[in-house]
file coords.pdb (PDB, C-alpha atoms)
ATOM      1  CA  MET A   1     -16.979 -20.183 -10.692
ATOM      2  CA  GLY A   2     -14.235 -19.777  -8.096
ATOM      3  CA  LEU A   3     -11.248 -17.564  -8.654
ATOM      4  CA  PRO A   4      -7.865 -19.249  -8.187
ATOM      5  CA  LEU A   5      -5.978 -17.807  -5.230
ATOM      6  CA  LEU A   6      -3.486 -15.198  -6.384
ATOM      7  CA  GLN A   7       0.030 -16.177  -5.333
ATOM      8  CA  SER A   8       1.808 -12.893  -5.972
ATOM      9  CA  VAL A   9       1.238  -9.153  -5.855
ATOM     10  CA  VAL A  10       1.252  -7.048  -8.997
ATOM     11  CA  VAL A  11       1.713  -3.312  -8.456
ATOM     12  CA  THR A  12       0.860  -1.017 -11.339
ATOM     13  CA  LEU A  13       2.287   2.501 -11.262
ATOM     14  CA  ARG A  14       0.553   5.077 -13.420
ATOM     15  CA  ALA A  15      -0.252   8.751 -13.613
ATOM     16  CA  SER A  16      -3.037   9.769 -11.259
ATOM     17  CA  GLY A  17      -6.410  10.240 -12.849
ATOM     18  CA  PRO A  18      -8.077  13.653 -12.890
ATOM     19  CA  HIS A  19     -10.390  12.473 -10.086
ATOM     20  CA  ARG A  20     -10.739   9.476  -7.768
ATOM     21  CA  ALA A  21     -13.311   7.816 -10.029
ATOM     22  CA  ALA A  22     -10.622   7.517 -12.714
ATOM     23  CA  ASP A  23      -8.315   5.816 -10.198
ATOM     24  CA  ARG A  24     -11.172   3.416  -9.331
ATOM     25  CA  GLU A  25     -11.520   2.530 -13.022
ATOM     26  CA  ALA A  26      -7.764   1.971 -13.174
ATOM     27  CA  LEU A  27      -8.036  -0.312 -10.130
ATOM     28  CA  LEU A  28     -10.752  -2.352 -11.894
ATOM     29  CA  ALA A  29      -8.488  -2.685 -14.932
ATOM     30  CA  ALA A  30      -5.579  -3.782 -12.717
ATOM     31  CA  VAL A  31      -7.773  -6.401 -10.995
ATOM     32  CA  ALA A  32      -8.958  -7.714 -14.363
ATOM     33  CA  SER A  33      -5.399  -7.880 -15.687
ATOM     34  CA  ALA A  34      -3.992  -9.655 -12.618
ATOM     35  CA  THR A  35      -6.817 -12.197 -12.501
ATOM     36  CA  GLY A  36      -7.113 -12.756 -16.264
ATOM     37  CA  VAL A  37     -10.777 -11.799 -16.534
ATOM     38  CA  ASP A  38     -12.686  -9.203 -18.489
ATOM     39  CA  VAL A  39     -13.003  -5.913 -16.621
ATOM     40  CA  ALA A  40     -16.809  -6.391 -16.588
ATOM     41  CA  ALA A  41     -16.319  -9.384 -14.238
ATOM     42  CA  ALA A  42     -14.499  -7.268 -11.650
ATOM     43  CA  ARG A  43     -16.121  -5.108  -9.000
ATOM     44  CA  ALA A  44     -14.392  -2.647  -6.695
ATOM     45  CA  GLY A  45     -15.249   0.029  -4.193
ATOM     46  CA  ARG A  46     -14.360   1.463  -0.811
ATOM     47  CA  VAL A  47     -15.806   0.917   2.630
ATOM     48  CA  CYS A  48     -14.873   2.447   5.948
ATOM     49  CA  PRO A  49     -14.548  -0.262   8.614
ATOM     50  CA  HIS A  50     -15.532   2.259  11.290
ATOM     51  CA  CYS A  51     -18.624   3.965   9.873
ATOM     52  CA  ALA A  52     -19.480   1.740   6.860
ATOM     53  CA  ALA A  53     -19.489   4.737   4.500
ATOM     54  CA  THR A  54     -18.582   3.956   0.902
ATOM     55  CA  ASP A  55     -17.181   7.362  -0.093
ATOM     56  CA  HIS A  56     -13.958   6.733   1.843
ATOM     57  CA  GLY A  57     -12.147   3.881   3.547
ATOM     58  CA  ARG A  58     -10.330   0.755   2.550
ATOM     59  CA  PRO A  59     -10.580  -0.375  -1.084
ATOM     60  CA  TRP A  60     -12.027  -3.800  -1.862
ATOM     61  CA  ALA A  61     -12.395  -5.868  -5.025
ATOM     62  CA  GLU A  62     -13.943  -9.114  -6.129
ATOM     63  CA  VAL A  63     -14.126 -11.219  -9.257
ATOM     64  CA  ASP A  64     -17.072 -13.546  -9.733
ATOM     65  CA  GLY A  65     -17.874 -13.254  -6.021
ATOM     66  CA  SER A  66     -14.343 -14.100  -4.845
ATOM     67  CA  ALA A  67     -12.371 -11.532  -2.849
ATOM     68  CA  VAL A  68      -9.203 -10.145  -4.387
ATOM     69  CA  GLY A  69      -6.661  -8.285  -2.277
ATOM     70  CA  VAL A  70      -6.235  -4.668  -3.335
ATOM     71  CA  SER A  71      -4.552  -1.584  -1.993
ATOM     72  CA  LEU A  72      -3.797   1.774  -3.500
ATOM     73  CA  ALA A  73      -1.623   4.735  -2.724
ATOM     74  CA  ARG A  74      -1.272   8.177  -4.190
ATOM     75  CA  THR A  75       1.547  10.662  -4.269
ATOM     76  CA  THR A  76       1.954  13.792  -6.316
ATOM     77  CA  GLY A  77       1.074  12.860  -9.908
ATOM     78  CA  LEU A  78       1.147   9.063  -9.421
ATOM     79  CA  VAL A  79      -0.983   6.229  -8.134
ATOM     80  CA  ALA A  80       0.119   2.709  -7.143
ATOM     81  CA  LEU A  81      -2.476  -0.033  -7.605
ATOM     82  CA  ALA A  82      -1.665  -3.318  -5.859
ATOM     83  CA  VAL A  83      -3.553  -6.543  -6.634
ATOM     84  CA  GLY A  84      -2.843  -9.893  -5.023
ATOM     85  CA  PRO A  85      -3.955 -12.252  -2.300
ATOM     86  CA  PRO A  86      -6.205 -10.756   0.389
ATOM     87  CA  GLY A  87      -4.395  -8.816   3.087
ATOM     88  CA  ILE A  88      -2.040  -6.502   1.228
ATOM     89  CA  GLY A  89      -0.978  -2.920   1.797
ATOM     90  CA  VAL A  90       0.914  -0.535  -0.486
ATOM     91  CA  ASP A  91       2.352   2.935  -0.123
ATOM     92  CA  LEU A  92       4.049   5.203  -2.639
ATOM     93  CA  GLU A  93       5.947   8.281  -1.507
ATOM     94  CA  ARG A  94       8.121  11.011  -2.917
ATOM     95  CA  VAL A  95      11.360  11.092  -0.938
ATOM     96  CA  SER A  96      11.397  14.905  -1.132
ATOM     97  CA  ARG A  97       7.995  15.111   0.596
ATOM     98  CA  VAL A  98       8.804  12.694   3.401
ATOM     99  CA  ALA A  99      12.085  14.465   4.199
ATOM    100  CA  ALA A 100      10.005  17.061   6.040
ATOM    101  CA  ALA A 101       7.968  14.483   8.011
ATOM    102  CA  PRO A 102       7.926  14.840  11.790
ATOM    103  CA  LEU A 103      10.531  12.648  13.445
ATOM    104  CA  ASP A 104       8.114  11.498  16.169
ATOM    105  CA  ALA A 105       6.680   8.966  13.684
ATOM    106  CA  PHE A 106       9.968   7.059  13.854
ATOM    107  CA  THR A 107      11.289   4.872  16.644
ATOM    108  CA  PRO A 108      14.736   5.529  18.125
ATOM    109  CA  GLY A 109      16.026   2.395  16.387
ATOM    110  CA  GLU A 110      14.729   3.590  13.020
ATOM    111  CA  LEU A 111      16.299   7.011  13.483
ATOM    112  CA  ALA A 112      19.630   5.355  14.289
ATOM    113  CA  ARG A 113      19.441   3.063  11.234
ATOM    114  CA  SER A 114      17.978   5.478   8.689
ATOM    115  CA  GLY A 115      20.101   8.580   8.708
ATOM    116  CA  ASP A 116      19.342   9.855   5.215
ATOM    117  CA  ALA A 117      16.147  11.144   3.615
ATOM    118  CA  THR A 118      15.791   8.183   1.240
ATOM    119  CA  ALA A 119      15.974   5.621   4.047
ATOM    120  CA  ARG A 120      13.548   7.670   6.161
ATOM    121  CA  ALA A 121      11.099   7.860   3.241
ATOM    122  CA  ALA A 122      11.363   4.098   2.745
ATOM    123  CA  CYS A 123      10.762   3.565   6.453
ATOM    124  CA  TRP A 124       7.685   5.824   6.354
ATOM    125  CA  ALA A 125       6.313   4.036   3.249
ATOM    126  CA  VAL A 126       6.728   0.665   4.983
ATOM    127  CA  LYS A 127       4.857   1.949   8.055
ATOM    128  CA  GLU A 128       1.923   3.072   5.894
ATOM    129  CA  ALA A 129       1.873  -0.173   3.886
ATOM    130  CA  VAL A 130       1.891  -2.273   7.078
ATOM    131  CA  LEU A 131      -0.889  -0.200   8.647
ATOM    132  CA  LYS A 132      -2.986  -0.457   5.465
ATOM    133  CA  ARG A 133      -2.495  -4.231   5.461
ATOM    134  CA  ASP A 134      -3.501  -4.285   9.117
ATOM    135  CA  GLY A 135      -6.730  -2.487   8.200
ATOM    136  CA  ARG A 136      -6.500   0.299  10.741
ATOM    137  CA  GLY A 137      -4.320   2.648   8.701
ATOM    138  CA  LEU A 138      -3.147   5.841  10.340
ATOM    139  CA  ARG A 139      -5.638   5.382  13.170
ATOM    140  CA  VAL A 140      -2.652   3.563  14.677
ATOM    141  CA  ASP A 141       0.355   5.618  15.754
ATOM    142  CA  PRO A 142       3.020   4.937  13.088
ATOM    143  CA  SER A 143       5.708   4.774  15.772
ATOM    144  CA  ARG A 144       4.139   1.429  16.826
ATOM    145  CA  VAL A 145       5.526  -0.068  13.616
ATOM    146  CA  GLU A 146       9.240  -0.895  13.929
ATOM    147  CA  VAL A 147      10.903  -1.077  10.506
ATOM    148  CA  ASP A 148      14.187  -2.755   9.668
ATOM    149  CA  LEU A 149      14.944  -1.950   6.033
ATOM    150  CA  VAL A 150      18.091  -4.087   5.938
ATOM    151  CA  ARG A 151      16.139  -7.196   6.914
ATOM    152  CA  GLY A 152      13.045  -6.237   4.867
ATOM    153  CA  ALA A 153      10.843  -6.621   7.920
ATOM    154  CA  ALA A 154       8.416  -4.644  10.041
ATOM    155  CA  THR A 155       6.904  -5.430  13.421
ATOM    156  CA  LEU A 156       3.468  -4.286  14.590
ATOM    157  CA  ASP A 157       2.024  -5.409  17.923
ATOM    158  CA  GLY A 158       4.737  -8.052  18.296
ATOM    159  CA  ALA A 159       4.062  -9.680  14.910
ATOM    160  CA  GLU A 160       6.865  -9.473  12.365
ATOM    161  CA  GLN A 161       6.130  -9.479   8.648
ATOM    162  CA  SER A 162       8.162  -9.325   5.470
ATOM    163  CA  VAL A 163       7.992  -6.154   3.405
ATOM    164  CA  THR A 164       9.199  -5.272  -0.070
ATOM    165  CA  VAL A 165      10.758  -1.886  -0.808
ATOM    166  CA  VAL A 166      11.390  -0.732  -4.379
ATOM    167  CA  PHE A 167      12.743   2.541  -5.732
ATOM    168  CA  PRO A 168      10.886   2.797  -9.067
ATOM    169  CA  GLY A 169      12.289   6.192 -10.013
ATOM    170  CA  GLU A 170      14.237   9.146  -8.812
ATOM    171  CA  ASP A 171      12.552  10.608  -5.727
ATOM    172  CA  LEU A 172      10.136   7.626  -5.436
ATOM    173  CA  VAL A 173       9.833   4.800  -2.944
ATOM    174  CA  LEU A 174       7.263   2.002  -3.064
ATOM    175  CA  ALA A 175       6.551  -0.303  -0.123
ATOM    176  CA  VAL A 176       4.410  -3.431  -0.151
ATOM    177  CA  ALA A 177       3.274  -5.435   2.873
ATOM    178  CA  ALA A 178       1.928  -8.729   1.593
ATOM    179  CA  GLY A 179       2.854 -11.446   4.042
ATOM    180  CA  GLY A 180       5.939 -12.443   2.067
ATOM    181  CA  SER A 181       4.181 -12.898  -1.295
ATOM    182  CA  PRO A 182       6.373 -12.144  -4.312
ATOM    183  CA  VAL A 183       5.927  -8.623  -5.715
ATOM    184  CA  SER A 184       6.301  -7.377  -9.276
ATOM    185  CA  VAL A 185       6.008  -3.765 -10.409
ATOM    186  CA  ARG A 186       4.623  -2.572 -13.754
ATOM    187  CA  GLY A 187       4.790   0.921 -15.163
TER     188      GLY A 187
END
call {"tool": "encode", "arguments": {"input": "coords.pdb", "output": "structure tokens"}}
result
Amino acid sequence: MGLPLLQSVVVTLRASGPHRAADREALLAAVASATGVDVAAARAGRVCPHCAATDHGRPWAEVDGSAVGVSLARTTGLVALAVGPPGIGVDLERVSRVAAAPLDAFTPGELARSGDATARAACWAVKEAVLKRDGRGLRVDPSRVEVDLVRGAATLDGAEQSVTVVFPGEDLVLAVAAGGSPVSVRG
């Protein structure tokens, strides 16, 4: 049985579990919900693309043998679980935490365009989402990602992509890099 290709990204925001295994169970539930299957039909895990370890690295999921795009992000007290077509990245940040981030992660253009803490936090969240989607994560210098929040776009290695930025609550910013797929947020 083949899984129909997901056309949109569903991001579920929820309280972080007491340990990472609880967040993995929540990811399985999110995959099942987005794909319309019983949670028993979904499988998920992590794998590091560099050392092949399964105790860390990029999350993956599948339903009935078909790959499902997943990404997750944590910030103090919350987790964001993104499910959609393969090749997605999500980041969730508290504006108050990013305000103290080193400025060398931002390009001169970003610093000129994002003068306040909220815009800087959104810019940082987009960088992380794009790098997660890319698969290399923070192994790549974040200053290589040029973010234009007004246009809803980010450029990495000369390739521009659409990004979605949402402010789901006071002091929170959510960024999704999903190749232009529509994004909805639950929770």
call {"tool": "atom_distance", "arguments": {"input": "coords.pdb", "atom1": "atom CA of Arg24 of chain A", "atom2": "atom CA of Ala44 of chain A"}}
result
7.4 Å
call {"tool": "residues_around", "arguments": {"input": "coords.pdb", "residues": "segment 132-146 of chain A", "least_positions_apart": "3", "cutoff": "10 Å", "atoms": "all atoms listed in the file", "output": "PDB file with C-alpha atoms, in the coordinates of the input"}}
result
ATOM      1  CA  CYS A  48     -14.873   2.447   5.948  1.00  0.00           C
ATOM      2  CA  PRO A  49     -14.548  -0.262   8.614  1.00  0.00           C
ATOM      3  CA  HIS A  50     -15.532   2.259  11.290  1.00  0.00           C
ATOM      4  CA  GLY A  57     -12.147   3.881   3.547  1.00  0.00           C
ATOM      5  CA  ARG A  58     -10.330   0.755   2.550  1.00  0.00           C
ATOM      6  CA  GLY A  69      -6.661  -8.285  -2.277  1.00  0.00           C
ATOM      7  CA  VAL A  70      -6.235  -4.668  -3.335  1.00  0.00           C
ATOM      8  CA  SER A  71      -4.552  -1.584  -1.993  1.00  0.00           C
ATOM      9  CA  LEU A  72      -3.797   1.774  -3.500  1.00  0.00           C
ATOM     10  CA  ALA A  73      -1.623   4.735  -2.724  1.00  0.00           C
ATOM     11  CA  PRO A  86      -6.205 -10.756   0.389  1.00  0.00           C
ATOM     12  CA  GLY A  87      -4.395  -8.816   3.087  1.00  0.00           C
ATOM     13  CA  ILE A  88      -2.040  -6.502   1.228  1.00  0.00           C
ATOM     14  CA  GLY A  89      -0.978  -2.920   1.797  1.00  0.00           C
ATOM     15  CA  VAL A  90       0.914  -0.535  -0.486  1.00  0.00           C
ATOM     16  CA  ASP A  91       2.352   2.935  -0.123  1.00  0.00           C
ATOM     17  CA  LEU A 103      10.531  12.648  13.445  1.00  0.00           C
ATOM     18  CA  ASP A 104       8.114  11.498  16.169  1.00  0.00           C
ATOM     19  CA  ALA A 105       6.680   8.966  13.684  1.00  0.00           C
ATOM     20  CA  PHE A 106       9.968   7.059  13.854  1.00  0.00           C
ATOM     21  CA  THR A 107      11.289   4.872  16.644  1.00  0.00           C
ATOM     22  CA  PRO A 108      14.736   5.529  18.125  1.00  0.00           C
ATOM     23  CA  GLY A 109      16.026   2.395  16.387  1.00  0.00           C
ATOM     24  CA  GLU A 110      14.729   3.590  13.020  1.00  0.00           C
ATOM     25  CA  CYS A 123      10.762   3.565   6.453  1.00  0.00           C
ATOM     26  CA  TRP A 124       7.685   5.824   6.354  1.00  0.00           C
ATOM     27  CA  VAL A 126       6.728   0.665   4.983  1.00  0.00           C
ATOM     28  CA  LYS A 127       4.857   1.949   8.055  1.00  0.00           C
ATOM     29  CA  GLU A 128       1.923   3.072   5.894  1.00  0.00           C
ATOM     30  CA  ALA A 129       1.873  -0.173   3.886  1.00  0.00           C
ATOM     31  CA  LEU A 149      14.944  -1.950   6.033  1.00  0.00           C
ATOM     32  CA  ALA A 153      10.843  -6.621   7.920  1.00  0.00           C
ATOM     33  CA  ALA A 154       8.416  -4.644  10.041  1.00  0.00           C
ATOM     34  CA  THR A 155       6.904  -5.430  13.421  1.00  0.00           C
ATOM     35  CA  LEU A 156       3.468  -4.286  14.590  1.00  0.00           C
ATOM     36  CA  ASP A 157       2.024  -5.409  17.923  1.00  0.00           C
ATOM     37  CA  GLY A 158       4.737  -8.052  18.296  1.00  0.00           C
ATOM     38  CA  ALA A 159       4.062  -9.680  14.910  1.00  0.00           C
ATOM     39  CA  GLU A 160       6.865  -9.473  12.365  1.00  0.00           C
ATOM     40  CA  VAL A 176       4.410  -3.431  -0.151  1.00  0.00           C
ATOM     41  CA  ALA A 177       3.274  -5.435   2.873  1.00  0.00           C
ATOM     42  CA  ALA A 178       1.928  -8.729   1.593  1.00  0.00           C
ATOM     43  CA  GLY A 179       2.854 -11.446   4.042  1.00  0.00           C
TER      44      GLY A 179
END
call {"tool": "resolve_selection", "arguments": {"input": "coords.pdb", "expression": "the PyMOL selection byres ((chain A and resi 76-81) around 8)", "output": "ChimeraX atom specification"}}
result
/A:11-16,23,26-27,30,70-75,82-83,90-92,94
call {"tool": "closest_residue", "arguments": {"input": "coords.pdb", "among": "A:Ala99, A:Asp38, A:Arg43, A:Gly152", "to": "Glu25 of chain A", "atoms": "all atoms listed in the file"}}
result
A:Arg43
call {"tool": "atom_distance", "arguments": {"input": "coords.pdb", "atom1": "atom CA of Gly115 of chain A", "atom2": "atom CA of Ser162 of chain A"}}
result
21.8 Å
call {"tool": "closest_residue", "arguments": {"input": "coords.pdb", "among": "A:Thr35, A:Ser96, A:Gln161, A:Thr54", "to": "Val9 of chain A", "atoms": "only C-alpha atoms"}}
result
A:Thr35
call {"tool": "atom_distance", "arguments": {"input": "coords.pdb", "atom1": "atom CA of Glu62 of chain A", "atom2": "atom CA of Ala42 of chain A"}}
result
5.8 Å
